[in-house]
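**Student:** Sharing entry.cif (mmCIF, C-alpha atoms) below.
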data_work
loop_
_atom_site.group_PDB
_atom_site.id
_atom_site.type_symbol
_atom_site.label_atom_id
_atom_site.label_comp_id
_atom_site.auth_asym_id
_atom_site.auth_seq_id
_atom_site.Cartn_x
_atom_site.Cartn_y
_atom_site.Cartn_z
ATOM 1 C CA GLN T 755 156.256 148.613 102.906
ATOM 2 C CA GLU T 756 154.739 145.146 103.467
ATOM 3 C CA ARG T 757 156.493 145.010 106.768
ATOM 4 C CA SER T 758 155.163 148.399 107.801
ATOM 5 C CA LEU T 759 151.581 147.441 106.831
ATOM 6 C CA ARG T 760 151.484 144.489 109.186
ATOM 7 C CA ARG T 761 149.383 145.113 112.264
ATOM 8 C CA ARG T 762 151.149 144.670 115.483
ATOM 9 C CA VAL T 763 149.276 142.173 117.665
ATOM 10 C CA PRO T 764 150.073 142.519 121.339
ATOM 11 C CA GLY T 765 151.299 139.345 122.952
ATOM 12 C CA PRO T 766 150.072 137.808 126.232
ATOM 13 C CA SER T 767 152.564 139.842 128.207
ATOM 14 C CA ALA T 768 150.958 143.045 126.987
ATOM 15 C CA GLN T 769 147.588 142.254 128.629
ATOM 16 C CA PRO T 770 147.018 144.278 131.829
ATOM 17 C CA ASP T 771 147.216 142.278 135.067
ATOM 18 C CA MET T 772 144.082 143.015 137.138
ATOM 19 C CA GLY T 773 144.719 140.333 139.742
ATOM 20 C CA TRP T 774 146.253 142.812 142.153
ATOM 21 C CA LEU T 775 143.094 144.940 142.025
ATOM 22 C CA PHE T 776 140.679 142.090 142.854
ATOM 23 C CA GLY T 777 143.041 140.692 145.430
ATOM 24 C CA THR T 778 143.126 144.034 147.219
ATOM 25 C CA ALA T 779 139.334 144.225 147.152
ATOM 26 C CA ARG T 780 139.004 140.782 148.682
ATOM 27 C CA GLU T 781 141.447 141.623 151.436
ATOM 28 C CA ALA T 782 139.661 144.886 152.184
ATOM 29 C CA ALA T 783 136.343 143.026 152.452
ATOM 30 C CA LYS T 784 137.621 140.832 155.255
ATOM 31 C CA ALA T 785 136.278 141.962 158.604
ATOM 32 C CA GLU T 786 138.770 142.587 161.352
ATOM 33 C CA PRO T 787 138.592 139.997 164.161
ATOM 34 C CA LYS T 788 136.834 141.117 167.320
ATOM 35 C CA ALA T 789 139.197 141.818 170.169
ATOM 36 C CA ALA T 790 139.020 139.310 173.012
ATOM 37 C CA PRO T 791 137.797 140.663 176.361
ATOM 38 C CA SER T 792 140.347 141.296 179.076
ATOM 39 C CA LEU T 793 140.444 139.152 182.191
ATOM 40 C CA GLN T 794 138.864 141.991 184.170
ATOM 41 C CA GLU T 795 136.024 142.316 181.639
ATOM 42 C CA ALA T 796 135.421 138.559 181.681
ATOM 43 C CA SER T 797 135.271 138.559 185.486
ATOM 44 C CA ALA T 798 132.781 141.456 185.465
ATOM 45 C CA ARG T 799 130.548 139.655 182.951
ATOM 46 C CA ILE T 800 130.553 136.497 185.044
ATOM 47 C CA ASP T 801 129.723 138.526 188.153
ATOM 48 C CA SER T 802 126.694 139.959 186.347
ATOM 49 C CA GLN T 803 125.590 136.460 185.308
ATOM 50 C CA VAL T 804 125.962 135.209 188.878
ATOM 51 C CA GLN T 805 123.711 138.017 190.122
ATOM 52 C CA ASP T 806 121.072 137.118 187.520
ATOM 53 C CA ILE T 807 121.169 133.463 188.558
ATOM 54 C CA GLU T 808 120.938 134.424 192.245
ATOM 55 C CA ALA T 809 117.725 136.292 191.437
ATOM 56 C CA LYS T 810 116.356 133.193 189.681
ATOM 57 C CA ILE T 811 117.276 131.025 192.677
ATOM 58 C CA SER T 812 115.462 133.390 195.025
ATOM 59 C CA LYS T 813 112.378 133.408 192.786
ATOM 60 C CA ALA T 814 112.337 129.598 192.595
ATOM 61 C CA ASP T 815 112.687 129.348 196.388
ATOM 62 C CA HIS T 816 109.669 131.608 196.938
ATOM 63 C CA GLU T 817 107.701 129.525 194.440
ATOM 64 C CA ILE T 818 108.630 126.278 196.216
ATOM 65 C CA ARG T 819 107.595 127.628 199.608
ATOM 66 C CA ALA T 820 104.271 128.905 198.262
ATOM 67 C CA LEU T 821 103.486 125.533 196.668
ATOM 68 C CA ALA T 822 104.543 123.585 199.755
ATOM 69 C CA ALA T 823 102.262 125.761 201.890
ATOM 70 C CA GLN T 824 99.266 124.523 199.884
ATOM 71 C CA GLY T 825 99.830 120.993 201.193
ATOM 72 C CA SER T 826 97.330 118.425 199.921
ATOM 73 C CA SER T 827 94.699 121.033 199.051
ATOM 74 C CA ASN T 828 96.151 121.309 195.540
ATOM 75 C CA PRO T 829 97.003 117.916 193.955
ATOM 76 C CA SER T 830 99.283 119.491 191.354
ATOM 77 C CA ALA T 831 101.164 121.620 193.890
ATOM 78 C CA LYS T 832 103.658 118.882 194.775
ATOM 79 C CA GLN T 833 104.512 118.119 191.148
ATOM 80 C CA ARG T 834 104.956 121.801 190.402
ATOM 81 C CA GLY T 835 106.992 122.207 193.569
ATOM 82 C CA LEU T 836 109.332 119.349 192.622
ATOM 83 C CA GLN T 837 109.853 120.853 189.196
ATOM 84 C CA ALA T 838 110.648 124.193 190.832
ATOM 85 C CA MET T 839 113.149 122.453 193.110
ATOM 86 C CA LYS T 840 114.858 120.840 190.113
ATOM 87 C CA ARG T 841 115.057 124.246 188.467
ATOM 88 C CA LYS T 842 116.516 125.729 191.645
ATOM 89 C CA LYS T 843 119.142 122.968 191.872
ATOM 90 C CA MET T 844 120.101 123.588 188.240
ATOM 91 C CA TYR T 845 120.485 127.329 188.897
ATOM 92 C CA GLU T 846 122.613 126.608 191.967
ATOM 93 C CA GLN T 847 124.918 124.345 189.947
ATOM 94 C CA GLN T 848 125.235 126.971 187.235
ATOM 95 C CA ARG T 849 126.036 129.598 189.856
ATOM 96 C CA ASP T 850 128.685 127.407 191.489
ATOM 97 C CA GLN T 851 130.270 126.683 188.099
ATOM 98 C CA LEU T 852 130.397 130.383 187.226
ATOM 99 C CA ILE T 853 131.875 131.235 190.628
ATOM 100 C CA GLY T 854 134.564 128.593 190.087
ATOM 101 C CA THR T 855 135.325 129.963 186.623
ATOM 102 C CA GLN T 856 135.466 133.507 187.978
ATOM 103 C CA PHE T 857 137.935 132.394 190.643
ATOM 104 C CA ASN T 858 140.165 130.860 187.968
ATOM 105 C CA ILE T 859 139.988 134.043 185.891
ATOM 106 C CA GLU T 860 140.901 136.204 188.873
ATOM 107 C CA THR T 861 143.753 133.847 189.702
ATOM 108 C CA LEU T 862 144.997 134.076 186.121
ATOM 109 C CA ALA T 863 144.753 137.877 186.276
ATOM 110 C CA PHE T 864 146.835 137.828 189.451
ATOM 111 C CA GLN T 865 149.410 135.613 187.752
ATOM 112 C CA GLN T 866 149.463 138.032 184.815
ATOM 113 C CA GLU T 867 150.135 140.947 187.138
ATOM 114 C CA GLN T 868 152.884 138.972 188.818
ATOM 115 C CA ALA T 869 154.364 138.184 185.396
ATOM 116 C CA GLN T 870 154.407 141.882 184.542
ATOM 117 C CA ILE T 871 156.119 142.639 187.830
ATOM 118 C CA THR T 872 158.602 139.879 187.097
ATOM 119 C CA CYS T 873 159.302 141.357 183.657
ATOM 120 C CA THR T 874 159.903 144.760 185.235
ATOM 121 C CA ALA T 875 162.255 143.183 187.742
ATOM 122 C CA MET T 876 164.008 141.369 184.919
ATOM 123 C CA ASP T 877 164.572 144.627 183.048
ATOM 124 C CA ALA T 878 166.116 146.127 186.154
ATOM 125 C CA MET T 879 168.238 143.022 186.639
ATOM 126 C CA LYS T 880 169.454 143.255 183.040
ATOM 127 C CA VAL T 881 170.665 146.804 183.612
ATOM 128 C CA GLY T 882 172.406 145.707 186.759
ATOM 129 C CA ALA T 883 173.915 142.724 184.958
ATOM 130 C CA GLU T 884 175.315 144.977 182.247
ATOM 131 C CA GLN T 885 176.881 147.226 184.836
ATOM 132 C CA LEU T 886 178.335 144.195 186.581
ATOM 133 C CA LYS T 887 179.696 142.913 183.280
ATOM 134 C CA LYS T 888 181.494 146.158 182.649
ATOM 135 C CA GLN T 889 183.022 145.985 186.105
ATOM 136 C CA HIS T 890 184.102 142.349 186.078
ATOM 137 C CA HIS T 891 184.370 141.752 182.302
ATOM 138 C CA ALA T 892 182.576 138.484 182.745
ATOM 139 C CA LEU T 893 179.087 137.118 183.118
ATOM 140 C CA ASP T 894 178.121 134.357 185.540
ATOM 141 C CA MET T 895 176.333 131.787 183.332
ATOM 142 C CA GLY T 896 174.922 130.045 186.397
ATOM 143 C CA SER T 897 172.821 133.111 187.135
ATOM 144 C CA VAL T 898 171.512 133.136 183.572
ATOM 145 C CA ASP T 899 170.503 129.466 183.843
ATOM 146 C CA ARG T 900 168.669 130.098 187.107
ATOM 147 C CA LEU T 901 166.853 133.080 185.558
ATOM 148 C CA ALA T 902 165.823 130.941 182.572
ATOM 149 C CA ASP T 903 164.550 128.239 184.952
ATOM 150 C CA ASP T 904 162.485 130.829 186.824
ATOM 151 C CA LEU T 905 160.940 132.057 183.575
ATOM 152 C CA ALA T 906 160.133 128.495 182.512
ATOM 153 C CA GLN T 907 158.437 127.840 185.868
ATOM 154 C CA ILE T 908 156.336 130.998 185.535
ATOM 155 C CA HIS T 909 155.289 129.914 182.023
ATOM 156 C CA ASP T 910 154.333 126.422 183.247
ATOM 157 C CA ASP T 911 152.254 127.852 186.110
ATOM 158 C CA MET T 912 150.324 130.174 183.797
ATOM 159 C CA GLN T 913 149.703 127.335 181.316
ATOM 160 C CA SER T 914 148.417 125.078 184.112
ATOM 161 C CA ILE T 915 145.976 127.764 185.201
ATOM 162 C CA GLY T 916 144.680 128.114 181.637
ATOM 163 C CA GLU T 917 144.197 124.342 181.343
ATOM 164 C CA ALA T 918 142.372 124.255 184.680
ATOM 165 C CA LEU T 919 140.053 127.019 183.482
ATOM 166 C CA ALA T 920 139.258 125.135 180.267
ATOM 167 C CA GLY T 921 138.470 121.983 182.242
ATOM 168 C CA THR T 922 136.165 123.561 184.823
ATOM 169 C CA ALA T 923 132.921 121.580 184.973
ATOM 170 C CA VAL T 924 130.212 120.798 187.512
ATOM 171 C CA GLY T 925 127.949 117.727 187.481
ATOM 172 C CA MET T 926 124.279 118.227 186.761
ATOM 173 C CA GLY T 927 122.835 115.055 188.397
ATOM 174 C CA VAL T 928 119.952 115.429 190.857
ATOM 175 C CA ASP T 929 118.750 112.608 193.139
ATOM 176 C CA GLU T 930 114.972 112.260 192.880
ATOM 177 C CA GLY T 931 114.728 110.673 196.333
ATOM 178 C CA ASP T 932 116.556 113.556 197.977
ATOM 179 C CA LEU T 933 114.290 116.056 196.247
ATOM 180 C CA ASP T 934 111.160 114.233 197.386
ATOM 181 C CA ALA T 935 112.395 114.060 200.981
ATOM 182 C CA GLU T 936 113.395 117.718 200.976
ATOM 183 C CA TYR T 937 110.003 118.744 199.590
ATOM 184 C CA ALA T 938 108.145 116.639 202.189
ATOM 185 C CA LYS T 939 110.133 118.319 204.946
ATOM 186 C CA MET T 940 109.272 121.740 203.560
ATOM 187 C CA GLU T 941 105.559 120.770 203.465
ATOM 188 C CA GLU T 942 105.743 119.917 207.151
ATOM 189 C CA GLU T 943 107.395 123.258 207.910
ATOM 190 C CA MET T 944 104.738 125.175 205.998
ATOM 191 C CA ALA T 945 101.949 123.225 207.761
ATOM 192 C CA ALA T 946 103.528 123.990 211.116
ATOM 193 C CA MET T 947 103.722 127.680 210.238
ATOM 194 C CA LYS T 948 100.026 127.670 209.342
ATOM 195 C CA LEU T 949 99.122 126.134 212.686
ATOM 196 C CA ALA T 950 101.252 128.733 214.453
ATOM 197 C CA GLY T 951 99.461 131.519 212.580
ATOM 198 C CA GLY T 952 102.417 132.421 210.394
ATOM 199 C CA ALA T 953 102.499 132.893 206.644
ATOM 200 C CA PRO T 954 105.087 131.625 204.160
ATOM 201 C CA SER T 955 107.549 134.263 203.041
#
Would you mind writing the structure in this file as structure tokens?
**Tutor:**
Amino acid sequence: QERSLRRRVPGPSAQPDMGWLFGTAREAAKAEPKAAPSLQEASARIDSQVQDIEAKISKADHEIRALAAQGSSNPSAKQRGLQAMKRKKMYEQQRDQLIGTQFNIETLAFQQEQAQITCTAMDAMKVGAEQLKKQHHALDMGSVDRLADDLAQIHDDMQSIGEALAGTAVGMGVDEGDLDAEYAKMEEEMAAMKLAGGAPS
């Protein structure tokens, strides 16, 4: 009877394990990573950026010409014109850098297409190799080595293109003397147009 009156105390192993529930909740809360854009999408985005920068370059050029046409009548016109020229040079460098990056992306896309074609050709070659094996009961290992070398070369070329893309950069230096000389020349052109009865565009 004394034995039956004792309360049974559950041991540690009897406690419910809730770790799996919280672990599942934490995993479900993780957001899925955003898919990277394709090479074609990246090229299209860069093309849109280039068009925007071209519009800024055109706007800066019109501003420079309008300020240069004022000549010495407006003391601040030259300073404002030089600043506009610096801005234009910066836009031009950004445009050239984007164009270079876009070229690398398009080149990489071409290499990707070529790799897919190569894979398709390889699949066809494998079928042919199997048929040849059944006919001759042997496989030429020299051909396999050459195929492996071709694949390694394709991999190296694609990796080099990726490294070139990551290292694309354009210098941002602007020579103050060249800007001043270019602005002075534009002032002369605008003055000549005024004398000829023309108007700056």
**Student:** Give me the residues within 8 Å of Glu860 of chain T as a PyMOL selection string, counting only C-alpha atoms and dropping any in the same chain fewer than 4 places off.
**Tutor:** chain T and resi 793-794+797+856+864
**Student:** The PyMOL selection byres ((chain T and resi 813-824) around 10) - which residues does that actually catch in the file I just gave you? List them as a PyMOL selection string.
**Tutor:** chain T and resi 807-812+825-843+845+937-948+953-955
**Student:** Taking only C-alpha atoms into account, which of T:Leu862, T:Ala883, T:Cys873, T:Leu905 comes nearest Ala918 of chain T?
**Tutor:**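 Ranked by minimum distance to Ala918 of chain T, first place goes to T:Leu862.
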**Student:** To one decimal in Å, tell me the separation between atom CA of Gln870 of chain T and atom CA of Thr855 of chain T.
**Tutor:**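 Atom-to-atom, atom CA of Gln870 of chain T and atom CA of Thr855 of chain T are spaced 22.6 Å apart.
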**Student:** Given all atoms listed in the file as the basis, pick out the residue of T:Ala869, T:Met879, T:Leu852, T:Ala935 nearest to Leu919 of chain T.
**Tutor:** T:Leu852
**Student:** Could the centre and edge lengths of an axis-aligned box, enclosing all atoms of segment 824-837 of chain T in the file with 4 Å extra on each side, be given in Å to one decimal as JSON?
**Tutor:**
{"center_x": 102.3, "center_y": 121.2, "center_z": 195.2, "size_x": 23.2, "size_y": 14.6, "size_z": 20.0}
**Student:** Rounded to one decimal, what separation in Å do you get between atom CA of Lys887 of chain T and atom CA of Ala906 of chain T?
**Tutor:**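 These atoms are spaced 24.3 Å apart.
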**Student:** Which distance in Å separates atom CA of Asp904 of chain T and atom CA of Val881 of chain T, to one decimal?
**Tutor:** 18.2 Å
**Student:** I need the residue nearest Ile871 of chain T from this list: T:Leu886, T:Ile800, T:Ile908, T:Ile853. Use all atoms listed in the file for the distance.
**Tutor:**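 That would be T:Ile908, the residue with the smallest distance to Ile871 of chain T.
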